[in-house]
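Next up, start-v2.cif (mmCIF, C-alpha atoms and all ligand atoms):
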```cif
data_coords
loop_
_atom_site.label_atom_id
_atom_site.label_comp_id
_atom_site.auth_asym_id
_atom_site.auth_seq_id
_atom_site.Cartn_x
_atom_site.Cartn_y
_atom_site.Cartn_z
CA MET K 15 69.12 119.65 143.99
CA PRO K 16 69.58 115.83 144.00
CA CYS K 17 73.19 114.73 144.47
CA ILE K 18 73.57 113.16 141.03
CA LEU K 19 72.45 116.38 139.31
CA LYS K 20 74.83 118.45 141.44
CA HIS K 21 77.63 116.06 140.50
CA MET K 22 76.84 116.31 136.78
CA GLN K 23 76.70 120.10 137.01
CA ARG K 24 80.08 120.26 138.76
CA LYS K 25 81.60 117.94 136.16
CA ALA K 26 80.20 120.17 133.41
CA ASN K 27 81.66 123.26 135.12
CA ILE K 28 85.11 121.69 135.28
CA SER K 29 84.77 120.57 131.67
CA ASN K 30 84.27 124.24 130.82
CA LEU K 31 87.51 125.07 132.61
CA VAL K 32 89.30 122.27 130.78
CA ASN K 33 88.00 123.32 127.39
CA TYR K 34 88.95 126.96 127.88
CA LYS K 35 91.21 127.76 124.92
CA GLY K 36 94.17 128.77 127.11
CA VAL K 37 94.53 125.25 128.51
CA SER K 38 97.36 123.30 126.87
CA LYS K 39 96.78 119.91 125.24
CA ASP K 40 98.76 117.96 127.88
CA LEU K 41 96.81 119.59 130.73
CA LYS K 42 93.53 118.78 128.97
CA LEU K 43 94.50 115.12 128.74
CA ILE K 44 95.42 115.02 132.43
CA ALA K 45 92.18 116.75 133.40
CA GLU K 46 90.15 114.28 131.36
CA LYS K 47 91.89 111.39 133.13
CA VAL K 48 91.06 112.89 136.53
CA LEU K 49 87.42 113.41 135.54
CA ASN K 50 87.27 109.81 134.32
CA LYS K 51 88.73 108.68 137.67
CA GLU K 52 91.93 107.36 136.10
CA ARG K 53 95.25 107.48 137.94
CA ILE K 54 97.74 110.11 136.75
CA THR K 55 101.43 109.30 136.19
CA PHE K 56 104.59 110.75 137.75
CA ASP K 57 105.23 112.99 134.71
CA GLU K 58 101.61 114.17 134.69
CA GLY K 59 101.92 115.10 138.36
CA VAL K 60 104.98 117.21 137.57
CA THR K 61 103.14 118.82 134.64
CA LEU K 62 100.32 119.85 136.99
CA TYR K 63 102.86 121.66 139.19
CA GLN K 64 104.56 123.29 136.20
CA LYS K 65 101.56 124.34 134.15
CA GLY K 66 98.36 123.97 136.16
CA ASP K 67 96.68 127.22 137.13
CA LEU K 68 94.89 127.57 140.41
CA GLY K 69 91.38 127.55 138.89
CA LEU K 70 91.86 124.29 137.02
CA LEU K 71 93.72 122.57 139.87
CA GLY K 72 91.09 123.66 142.38
CA GLY K 73 88.25 122.43 140.15
CA LEU K 74 89.87 119.04 139.62
CA ALA K 75 90.89 118.59 143.27
CA ASN K 76 87.42 119.54 144.44
CA PHE K 77 85.95 117.02 142.02
CA VAL K 78 88.10 114.23 143.54
CA ARG K 79 87.43 115.47 147.07
CA GLU K 80 83.66 115.48 146.60
CA GLN K 81 83.75 112.02 145.00
CA LYS K 82 85.39 110.71 148.15
CA ASN K 83 84.04 112.87 150.95
CA TYR K 84 81.10 114.86 149.55
CA ASN K 85 80.87 118.22 151.27
CA LYS K 86 82.21 116.94 154.60
CA VAL K 87 85.03 118.51 156.58
CA PHE K 88 86.38 116.32 159.36
CA PHE K 89 87.95 117.37 162.63
CA ASN K 90 88.59 115.63 165.91
CA ARG K 91 88.95 116.54 169.56
CA ASN K 92 92.51 115.79 170.50
CA PHE K 93 95.38 117.06 172.56
CA HIS K 94 99.13 116.80 172.19
CA VAL K 95 101.68 115.56 174.68
CA GLU K 96 105.34 116.29 173.98
CA PRO K 97 107.46 114.25 176.40
CA THR K 98 110.57 116.31 175.59
CA ASN K 99 111.88 119.07 173.35
CA LEU K 100 115.43 117.79 173.60
CA CYS K 101 116.64 115.77 170.67
CA VAL K 102 119.74 113.86 169.68
CA PHE K 103 119.12 114.68 166.02
CA THR K 104 119.97 117.89 164.19
CA CYS K 105 117.35 118.51 161.49
CA LYS K 106 118.13 121.90 159.96
CA PHE K 107 114.48 122.93 159.60
CA CYS K 108 113.60 122.19 163.21
CA SER K 109 112.88 125.25 165.33
CA TYR K 110 111.78 123.23 168.22
CA SER K 111 114.38 120.83 169.47
CA ARG K 112 117.18 121.84 171.78
CA LEU K 113 120.35 119.83 171.51
CA ILE K 114 121.37 118.11 174.67
CA LYS K 115 123.99 120.84 175.19
CA GLN K 116 121.23 123.48 175.36
CA LYS K 117 119.38 121.54 177.99
CA ASP K 118 118.65 124.66 180.10
CA GLU K 119 116.04 125.57 177.50
CA GLY K 120 114.49 122.13 177.41
CA TRP K 121 112.14 119.88 179.31
CA VAL K 122 111.84 116.13 179.79
CA TYR K 123 108.62 114.99 181.41
CA SER K 124 108.61 112.04 183.77
CA GLU K 125 105.96 109.36 183.40
CA ASP K 126 104.04 110.89 186.31
CA GLU K 127 104.07 114.33 184.71
CA ILE K 128 102.71 112.91 181.45
CA ILE K 129 100.02 111.01 183.32
CA ASP K 130 99.07 114.26 185.11
CA ILE K 131 98.59 115.91 181.70
CA ILE K 132 96.38 113.01 180.59
CA LYS K 133 94.39 113.23 183.83
CA SER K 134 93.84 116.96 183.35
CA TYR K 135 91.53 116.01 180.43
CA GLU K 136 89.37 113.81 182.63
CA GLY K 137 85.69 114.27 181.90
CA GLN K 138 86.42 116.16 178.66
CA PRO K 139 85.11 114.67 175.42
CA VAL K 140 88.54 114.33 173.79
CA THR K 141 88.95 111.13 171.78
CA GLU K 142 92.66 111.17 170.94
CA VAL K 143 96.03 111.95 172.47
CA HIS K 144 98.84 112.67 170.01
CA ILE K 145 102.21 111.85 171.60
CA VAL K 146 105.23 113.14 169.71
CA GLY K 147 108.46 114.84 170.68
CA GLY K 148 112.22 114.87 170.49
CA VAL K 149 114.38 111.77 170.66
CA LEU K 150 116.37 110.94 173.81
CA PRO K 151 118.08 107.76 175.04
CA GLN K 152 116.19 107.71 178.34
CA LEU K 153 112.81 107.82 176.57
CA ASN K 154 113.32 104.23 175.53
CA LEU K 155 111.06 101.33 174.60
CA GLU K 156 110.60 100.37 178.25
CA PHE K 157 109.55 103.94 179.14
CA PHE K 158 106.91 104.04 176.42
CA ILE K 159 105.58 100.53 177.13
CA SER K 160 104.99 101.52 180.75
CA LEU K 161 103.48 104.89 179.73
CA LEU K 162 101.06 103.32 177.24
CA LYS K 163 99.87 100.78 179.81
CA LYS K 164 99.26 103.52 182.39
CA ILE K 165 97.39 105.72 179.91
CA LYS K 166 95.13 102.82 178.97
CA SER K 167 94.55 101.97 182.63
CA ILE K 168 93.20 105.45 183.38
CA ARG K 169 91.59 106.32 180.00
CA PRO K 170 90.90 103.08 178.11
CA ASP K 171 88.64 105.00 175.72
CA LEU K 172 91.38 107.40 174.61
CA HIS K 173 92.93 106.60 171.21
CA VAL K 174 96.72 106.85 171.47
CA LYS K 175 98.29 108.12 168.24
CA GLY K 176 101.94 108.10 169.08
CA TYR K 177 105.56 108.14 167.99
CA THR K 178 106.89 109.02 164.60
CA ALA K 179 108.97 106.53 162.66
CA VAL K 180 111.98 108.66 163.70
CA GLU K 181 111.34 108.03 167.39
CA LEU K 182 110.55 104.37 166.77
CA GLU K 183 113.64 103.66 164.66
CA TYR K 184 115.88 105.04 167.43
CA MET K 185 113.96 103.28 170.22
CA PHE K 186 113.97 99.88 168.45
CA ARG K 187 117.64 100.17 167.46
CA LYS K 188 118.68 100.90 171.06
CA ALA K 189 116.44 98.08 172.40
CA LYS K 190 117.84 95.72 169.73
CA VAL K 191 114.41 94.59 168.57
CA SER K 192 113.11 94.30 165.02
CA TYR K 193 110.54 96.83 163.77
CA SER K 194 107.89 94.15 163.76
CA GLU K 195 108.67 92.97 167.32
CA GLY K 196 108.88 96.52 168.70
CA LEU K 197 105.61 97.53 167.08
CA ARG K 198 103.88 94.37 168.27
CA ILE K 199 104.91 95.09 171.87
CA LEU K 200 103.79 98.73 171.64
CA LYS K 201 100.46 97.68 170.13
CA GLU K 202 99.89 95.19 172.93
CA SER K 203 100.72 97.94 175.43
CA GLY K 204 98.10 100.31 173.99
CA LEU K 205 99.42 102.03 170.85
CA ASP K 206 96.47 102.50 168.49
CA SER K 207 97.96 104.36 165.53
CA MET K 208 100.97 106.37 164.41
CA PRO K 209 101.28 109.99 163.30
CA GLY K 210 102.87 110.86 159.97
CA GLY K 211 105.85 112.93 161.09
CA GLY K 212 109.47 112.46 160.17
CA ALA K 213 108.79 111.76 156.50
CA GLU K 214 110.05 115.21 155.39
CA ILE K 215 111.11 114.58 151.78
CA PHE K 216 112.03 111.07 150.75
CA ASP K 217 114.56 112.00 148.08
CA GLU K 218 117.83 110.80 149.62
CA ASP K 219 119.96 113.73 148.40
CA ILE K 220 117.59 116.34 149.86
CA ARG K 221 117.19 114.35 153.06
CA ASN K 222 120.95 114.23 153.38
CA VAL K 223 121.06 118.03 153.39
CA ILE K 224 118.12 118.84 155.67
CA CYS K 225 118.05 115.94 158.15
CA LYS K 226 121.00 113.69 157.55
CA ASP K 227 121.29 111.96 160.92
CA LYS K 228 117.76 110.68 161.56
CA CYS K 229 115.95 107.66 160.15
CA THR K 230 116.40 107.13 156.44
CA THR K 231 113.67 107.09 153.84
CA ASP K 232 113.79 103.29 153.64
CA GLN K 233 113.54 102.99 157.42
CA TRP K 234 110.56 105.39 157.55
CA LEU K 235 108.78 103.40 154.84
CA GLN K 236 109.63 100.01 156.38
CA ILE K 237 108.35 101.02 159.82
CA HIS K 238 105.03 102.22 158.40
CA GLU K 239 104.69 99.10 156.24
CA GLU K 240 105.34 96.84 159.24
CA ALA K 241 102.84 98.84 161.28
CA HIS K 242 100.17 98.42 158.60
CA LYS K 243 100.84 94.66 158.47
CA LEU K 244 100.21 94.50 162.23
CA GLY K 245 96.97 96.45 161.91
CA ILE K 246 98.38 99.75 163.20
CA PRO K 247 97.15 102.47 160.84
CA SER K 248 99.23 105.61 160.32
CA ASN K 249 99.39 109.00 158.67
CA ALA K 250 101.94 110.36 156.21
CA THR K 251 103.34 113.88 155.94
CA MET K 252 105.45 115.79 153.41
CA LEU K 253 107.52 118.82 154.37
CA TYR K 254 107.45 121.09 151.31
CA GLY K 255 108.58 124.58 150.31
CA HIS K 256 112.30 124.49 151.16
CA ILE K 257 115.05 123.19 148.84
CA GLU K 258 113.05 120.47 147.12
CA ASN K 259 111.69 120.73 143.59
CA TYR K 260 108.44 119.51 142.05
CA GLU K 261 109.93 116.16 141.00
CA HIS K 262 110.94 115.54 144.62
CA ARG K 263 107.39 116.21 145.80
CA ILE K 264 105.88 113.83 143.26
CA ASP K 265 108.55 111.23 144.05
CA HIS K 266 107.56 111.51 147.73
CA MET K 267 103.89 111.05 146.93
CA GLU K 268 104.63 108.22 144.51
CA ARG K 269 106.42 106.20 147.21
CA LEU K 270 103.45 106.67 149.56
CA ARG K 271 100.86 105.94 146.89
CA SER K 272 102.56 102.69 145.98
CA MET K 273 102.74 101.59 149.66
CA GLN K 274 99.08 102.46 150.06
CA ASP K 275 98.30 100.17 147.10
CA ARG K 276 100.00 97.34 148.99
CA THR K 277 98.75 97.96 152.54
CA GLY K 278 95.81 100.40 152.58
CA GLY K 279 97.04 101.39 156.05
CA PHE K 280 97.35 105.16 155.67
CA ASN K 281 94.49 107.23 157.05
CA THR K 282 95.46 110.61 155.69
CA PHE K 283 98.13 112.61 153.86
CA ILE K 284 99.28 115.85 155.49
CA PRO K 285 101.36 118.32 153.46
CA LEU K 286 103.35 120.47 155.95
CA LYS K 287 104.51 123.89 154.78
CA PHE K 288 108.10 124.70 155.77
CA ARG K 289 108.16 127.68 158.16
CA ASN K 290 111.43 129.55 158.42
CA GLN K 291 111.66 131.15 161.86
CA ASN K 292 114.28 130.17 164.43
CA ASN K 293 115.98 127.41 162.52
CA GLU K 294 119.05 126.79 160.41
CA MET K 295 117.09 127.25 157.20
CA SER K 296 115.82 130.74 158.01
CA HIS K 297 117.52 132.14 154.89
CA ILE K 298 115.04 130.22 152.71
CA ALA K 299 111.94 132.26 151.87
CA GLU K 300 108.61 130.64 152.62
CA VAL K 301 106.38 129.74 149.67
CA SER K 302 103.22 131.75 148.97
CA MET K 303 99.66 130.84 149.84
CA ILE K 304 99.05 130.19 146.11
CA GLU K 305 101.77 127.53 146.23
CA ASP K 306 100.15 126.02 149.34
CA LEU K 307 96.79 125.74 147.58
CA LYS K 308 98.37 124.27 144.43
CA ASN K 309 100.19 121.76 146.57
CA TYR K 310 97.03 120.67 148.38
CA ALA K 311 95.20 120.34 145.07
CA ILE K 312 97.91 118.25 143.41
CA SER K 313 98.22 116.09 146.52
CA ARG K 314 94.47 115.41 146.33
CA ILE K 315 94.65 114.58 142.63
CA TYR K 316 97.80 112.43 142.83
CA MET K 317 97.05 110.48 146.03
CA ASP K 318 94.01 108.76 144.56
CA ASN K 319 94.13 105.89 147.07
CA PHE K 320 94.23 108.12 150.17
CA ASN K 321 90.77 108.79 151.54
CA HIS K 322 91.72 112.04 153.25
CA ILE K 323 93.96 115.09 152.82
CA LYS K 324 94.59 117.07 155.98
CA ALA K 325 95.51 120.73 156.35
CA TYR K 326 97.13 121.34 159.68
CA TRP K 327 95.52 124.68 160.51
CA PRO K 328 97.91 125.85 163.26
CA MET K 329 100.68 125.85 160.66
CA ILE K 330 98.94 127.67 157.80
CA GLY K 331 96.42 129.80 159.71
CA LYS K 332 92.67 129.72 159.74
CA THR K 333 92.07 131.62 156.48
CA THR K 334 94.32 129.41 154.34
CA ALA K 335 92.79 126.37 156.05
CA GLN K 336 89.32 127.59 155.01
CA LEU K 337 90.50 128.18 151.43
CA SER K 338 92.20 124.78 151.31
CA LEU K 339 88.75 123.18 151.62
CA ASP K 340 88.15 124.17 147.99
CA PHE K 341 91.49 122.67 146.95
CA GLY K 342 91.07 119.04 147.94
CA VAL K 343 91.37 119.20 151.73
CA ASP K 344 88.63 117.50 153.74
CA ASP K 345 90.21 117.38 157.22
CA ILE K 346 91.52 120.16 159.43
CA ASP K 347 92.86 118.08 162.31
CA GLY K 348 91.55 119.01 165.69
CA THR K 349 90.77 121.24 168.55
CA ILE K 350 94.37 120.90 169.65
CA ASP K 351 95.64 122.15 172.93
CA ASP K 352 98.01 125.12 173.11
CA SER K 353 100.91 122.98 174.37
CA THR K 354 102.01 122.36 170.77
CA LYS K 355 105.12 124.47 170.57
CA ILE K 356 106.81 122.98 167.54
CA TYR K 357 104.87 125.17 165.10
CA SER K 358 104.64 128.44 166.98
CA MET K 359 108.42 128.32 167.31
CA ALA K 360 108.83 127.79 163.56
CA GLY K 361 106.71 130.85 162.75
CA ALA K 362 103.28 129.28 162.37
CA GLU K 363 100.40 131.64 161.59
CA ASP K 364 98.69 130.90 164.81
CA GLN K 365 100.88 131.54 167.79
CA ASN K 366 98.30 130.10 170.15
CA PRO K 367 96.97 127.15 168.22
CA ALA K 368 93.95 126.24 170.30
CA MET K 369 90.44 126.43 168.94
CA SER K 370 87.22 125.39 170.60
CA THR K 371 84.87 122.98 168.87
CA GLU K 372 82.37 125.83 168.35
CA GLU K 373 85.03 127.93 166.63
CA LEU K 374 86.11 125.05 164.38
CA VAL K 375 82.51 124.29 163.44
CA GLU K 376 81.86 127.96 162.71
CA MET K 377 85.01 128.20 160.60
CA ILE K 378 83.84 125.25 158.46
CA LYS K 379 80.25 126.51 158.16
CA GLN K 380 81.48 129.94 157.04
CA VAL K 381 82.65 128.32 153.79
CA ASN K 382 79.47 126.29 153.34
CA ARG K 383 80.92 122.91 154.18
CA THR K 384 79.54 120.27 156.53
CA PRO K 385 81.46 119.91 159.82
CA ILE K 386 81.84 116.32 160.95
CA GLU K 387 83.46 115.49 164.25
CA ARG K 388 85.32 112.22 163.76
CA ASP K 389 87.37 109.77 165.76
CA THR K 390 90.94 109.00 164.70
CA LEU K 391 89.74 106.35 162.24
CA TYR K 392 87.20 108.70 160.60
CA ASN K 393 84.10 107.21 162.17
CA THR K 394 81.52 109.97 162.57
CA ILE K 395 80.98 111.12 166.14
CA LYS K 396 78.72 114.04 165.30
CA ASP K 397 77.33 115.59 162.12
CA TYR K 398 77.04 119.33 162.82
CA SER K 399 74.86 119.99 159.78
CA LEU K 400 72.05 118.45 161.78
CA GLU K 401 72.37 121.23 164.37
CA ALA K 402 70.44 124.51 164.37
CA VAL K 403 72.53 127.23 162.69
CA ASN K 404 73.93 129.82 165.06
CA VAL K 405 73.01 133.16 163.48
CA ASN K 406 75.38 135.24 165.61
O1 LIG B 501 108.28 115.72 160.87
C1 LIG B 501 109.36 120.54 161.95
C2 LIG B 501 107.51 119.21 160.82
C3 LIG B 501 106.68 117.31 161.74
C4 LIG B 501 109.12 122.43 160.90
O2 LIG B 501 99.95 112.63 161.89
C5 LIG B 501 108.10 121.56 160.49
O3 LIG B 501 98.15 113.68 162.49
C6 LIG B 501 107.29 123.15 159.08
O4 LIG B 501 104.22 115.23 161.61
N1 LIG B 501 108.24 124.04 159.40
C7 LIG B 501 106.09 116.70 163.00
N2 LIG B 501 107.18 121.92 159.60
C8 LIG B 501 104.59 116.98 163.12
C9 LIG B 501 103.73 116.03 162.35
C10 LIG B 501 102.24 116.08 162.48
C11 LIG B 501 101.58 117.26 162.78
C12 LIG B 501 100.20 117.24 162.88
C13 LIG B 501 99.47 116.10 162.72
C14 LIG B 501 100.14 114.92 162.43
C15 LIG B 501 99.37 113.65 162.27
C16 LIG B 501 101.54 114.90 162.29
O5 LIG B 501 106.73 118.73 161.87
C17 LIG B 501 108.11 116.97 161.42
C18 LIG B 501 108.42 118.05 160.42
O6 LIG B 501 108.04 117.64 159.13
N3 LIG B 501 108.30 120.39 161.14
N4 LIG B 501 109.87 121.80 161.81
C19 LIG B 501 109.18 123.73 160.30
N5 LIG B 501 110.15 124.59 160.59
FE1 LIG B 502 114.49 116.04 166.50
FE2 LIG B 502 112.16 115.89 165.21
FE3 LIG B 502 113.39 118.27 165.49
FE4 LIG B 502 114.44 116.43 163.87
S1 LIG B 502 112.40 117.44 163.59
S2 LIG B 502 115.58 117.65 165.38
S3 LIG B 502 113.96 114.53 164.92
S4 LIG B 502 112.54 117.01 167.12
#
```
Please express what this file holds, its structure, as structure tokens.
Amino acid sequence: MPCILKHMQRKANISNLVNYKGVSKDLKLIAEKVLNKERITFDEGVTLYQKGDLGLLGGLANFVREQKNYNKVFFNRNFHVEPTNLCVFTCKFCSYSRLIKQKDEGWVYSEDEIIDIIKSYEGQPVTEVHIVGGVLPQLNLEFFISLLKKIKSIRPDLHVKGYTAVELEYMFRKAKVSYSEGLRILKESGLDSMPGGGAEIFDEDIRNVICKDKCTTDQWLQIHEEAHKLGIPSNATMLYGHIENYEHRIDHMERLRSMQDRTGGFNTFIPLKFRNQNNEMSHIAEVSMIEDLKNYAISRIYMDNFNHIKAYWPMIGKTTAQLSLDFGVDDIDGTIDDSTKIYSMAGAEDQNPAMSTEELVEMIKQVNRTPIERDTLYNTIKDYSLEAVNVN
């Protein structure tokens, strides 16, 4: 069926959902706005959380998703390097970091050890290294400048996505450089983009309870805005499903959406489900899969100026990741290496979060979507729909 006809049919199907007599008047108005490609307000976002049922939210989110990304599902070939699991900060939800006093259980890689990890991927078609870890005084600006230069000298083709705003704020403060100066130096040394971690929840009262000693909301936002001004794109995350409420989630998204209007520098939005194992918030029950899907859908609808919504499959498991593709998600990250311990320690679904490209492609094809291998900036590397289907 030609694309335009498919589109009209889908719109008609959602209109049926909207006109179902059980749908309240306020939801109908919101749905009509979404179908007319109008931006929804803060209060309308909260209403979607409070009243939207999964069928309607999924239909609307899928409409937005297919407007932006058709049937495509993106993934990339990347690996993670975690220079240390020791951290000076004390985030209550973190299952991963060991305080300096527990250093027997921790590691700190030297530059040579990190370079050995990078070299172990020689000849492999990975396009990105994601560098993120705990925060330590010795892993300072000088250390990372030297590391970036060495990485680029041995793998100039490798995109370095590195350092959360939390790591950068600490590093720049200790080095007594401004955000703009520090970022400029890191960019010159080889930093290509930044991951979205450390955002958690921007509401200051909630942040004060769950991660009071690390970079503030304003600092996180300023660092990303400076990065965008310097041509360093970044991602944004939201840690949800703990002590925050729906208003806090929309407030978080609102702050990101308004920065994106100014800079256009965010590549993707990544909702991260709070997992409750081995941390100081273990008494908080995890939210259900239904809540995860609602959250993806509302993120897709609300973040109208973000091109991509990513589901981080090691955290939610393969089945929820597949389902999320009908709720606004168009990216499932990458064929990450099993050295990512942060999630398995927090109780992630997949205790060994490695998946081959073939498995990822198969997982996407199973739900009738089109797998697209991308680079970090969403340029297509390979369209797997053009490949013969594996019938096994
Ligand atoms: O900021 C820590 C989260 C984040 C837990 O940009 C937890 O492509 C759930 O941001 N339950 C760091 N989440 C990881 C991150 C990330 C991951 C994948 C891709 C990208 C990207 C970024 O991990 C932290 C925090 O929000 N986190 N502990 C936990 N118990
Ligand atoms: Fe440190 Fe990051 Fe864990 Fe917070 S979430 S304690 S900043 S490693």
| field | Option closest in space to ligand LIG 502 (chain B), from K:Phe103, K:Tyr310, K:Trp234, K:Tyr254 [counting only C-alpha atoms and all ligand atoms] | value | K:Phe103
With ligand LIG 501 (chain B) as the partner and 6 Å as the cut-off, tabulate the residues of chain K that qualify, each row holding the nearest pair of atoms and their distance in Å to one decimal, using all atoms listed in the file, sorted by chain and rising number, as a Markdown table.
```
| residue | atom | partner | partner_atom | distance |
| --- | --- | --- | --- | --- |
| K:Phe107 | CA | B:LIG501 | N5 | 4.7 |
| K:Cys108 | CA | B:LIG501 | N4 | 4.0 |
| K:Ser109 | CA | B:LIG501 | N5 | 5.5 |
| K:Pro209 | CA | B:LIG501 | O2 | 3.3 |
| K:Gly210 | CA | B:LIG501 | O2 | 3.9 |
| K:Gly211 | CA | B:LIG501 | O4 | 2.9 |
| K:Gly212 | CA | B:LIG501 | O1 | 3.5 |
| K:Ala213 | CA | B:LIG501 | O1 | 5.9 |
| K:Glu214 | CA | B:LIG501 | O6 | 4.9 |
| K:Asn249 | CA | B:LIG501 | O2 | 4.9 |
| K:Thr251 | CA | B:LIG501 | O4 | 5.9 |
| K:Leu253 | CA | B:LIG501 | O6 | 4.9 |
| K:Leu286 | CA | B:LIG501 | N2 | 5.5 |
| K:Lys287 | CA | B:LIG501 | C6 | 5.2 |
| K:Phe288 | CA | B:LIG501 | N1 | 3.7 |
| K:Arg289 | CA | B:LIG501 | N1 | 3.8 |
| K:Asn290 | CA | B:LIG501 | N5 | 5.6 |
| K:Ala360 | CA | B:LIG501 | N5 | 4.6 |
```
Once you count only C-alpha atoms and all ligand atoms, what closest atom pair and distance in Å to one decimal does each residue of chain K within 6 Å of ligand LIG 502 (chain B) have, with rows by chain and rising residue number, as CSV?
```
residue,atom,partner,partner_atom,distance
K:Cys101,CA,B:LIG502,FE1,4.7
K:Phe103,CA,B:LIG502,S2,4.7
K:Thr104,CA,B:LIG502,S2,4.6
K:Cys105,CA,B:LIG502,FE4,4.3
K:Cys108,CA,B:LIG502,FE3,4.5
K:Tyr110,CA,B:LIG502,FE3,5.9
K:Ser111,CA,B:LIG502,FE3,4.8
K:Gly147,CA,B:LIG502,S4,5.8
K:Gly148,CA,B:LIG502,S4,4.0
K:Val149,CA,B:LIG502,FE1,6.0
```
| query | Separation of atom CA of K:Ile54 and atom CA of K:Ile237, in Å? | reply | 27.0 Å
| query | Counting all atoms listed in the file, which of K:Asp340, K:Lys201, K:Leu235, K:Ile330 gets nearest to K:Gly73? | reply |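 Closest to K:Gly73, using all atoms listed in the file: K:Asp340.
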| task | Dump as a PyMOL selection string all residues having an atom at most 12 Å from (87.0, 122.4, 133.8), computed in the file's coordinates with all atoms listed in the file. | result | chain K and resi 23-37+41-46+48-49+66-77
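Taking atom CA of K:Arg53 and atom CA of K:Leu307 as the two end points, the separation is 20.7 Å.
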| request: Tell me which protein, DNA and RNA residues are within 9 Å of K:Phe186, counting all atoms listed in the file, leaving out same-chain ones fewer than 5 positions away, and put them as a list in words. | output: Asn154, Leu155, Glu181, Val191, Ser192, Tyr193, Glu195, Gly196 and Leu197 of chain K
| said: When you look at K:Arg79 with a cut-off of 8 Å (counting only C-alpha atoms), what residues show up, excluding the ones that are within fewer than 6 positions of it in the same chain? I need them as a ChimeraX atom specification. | reply: /K:314,342-344
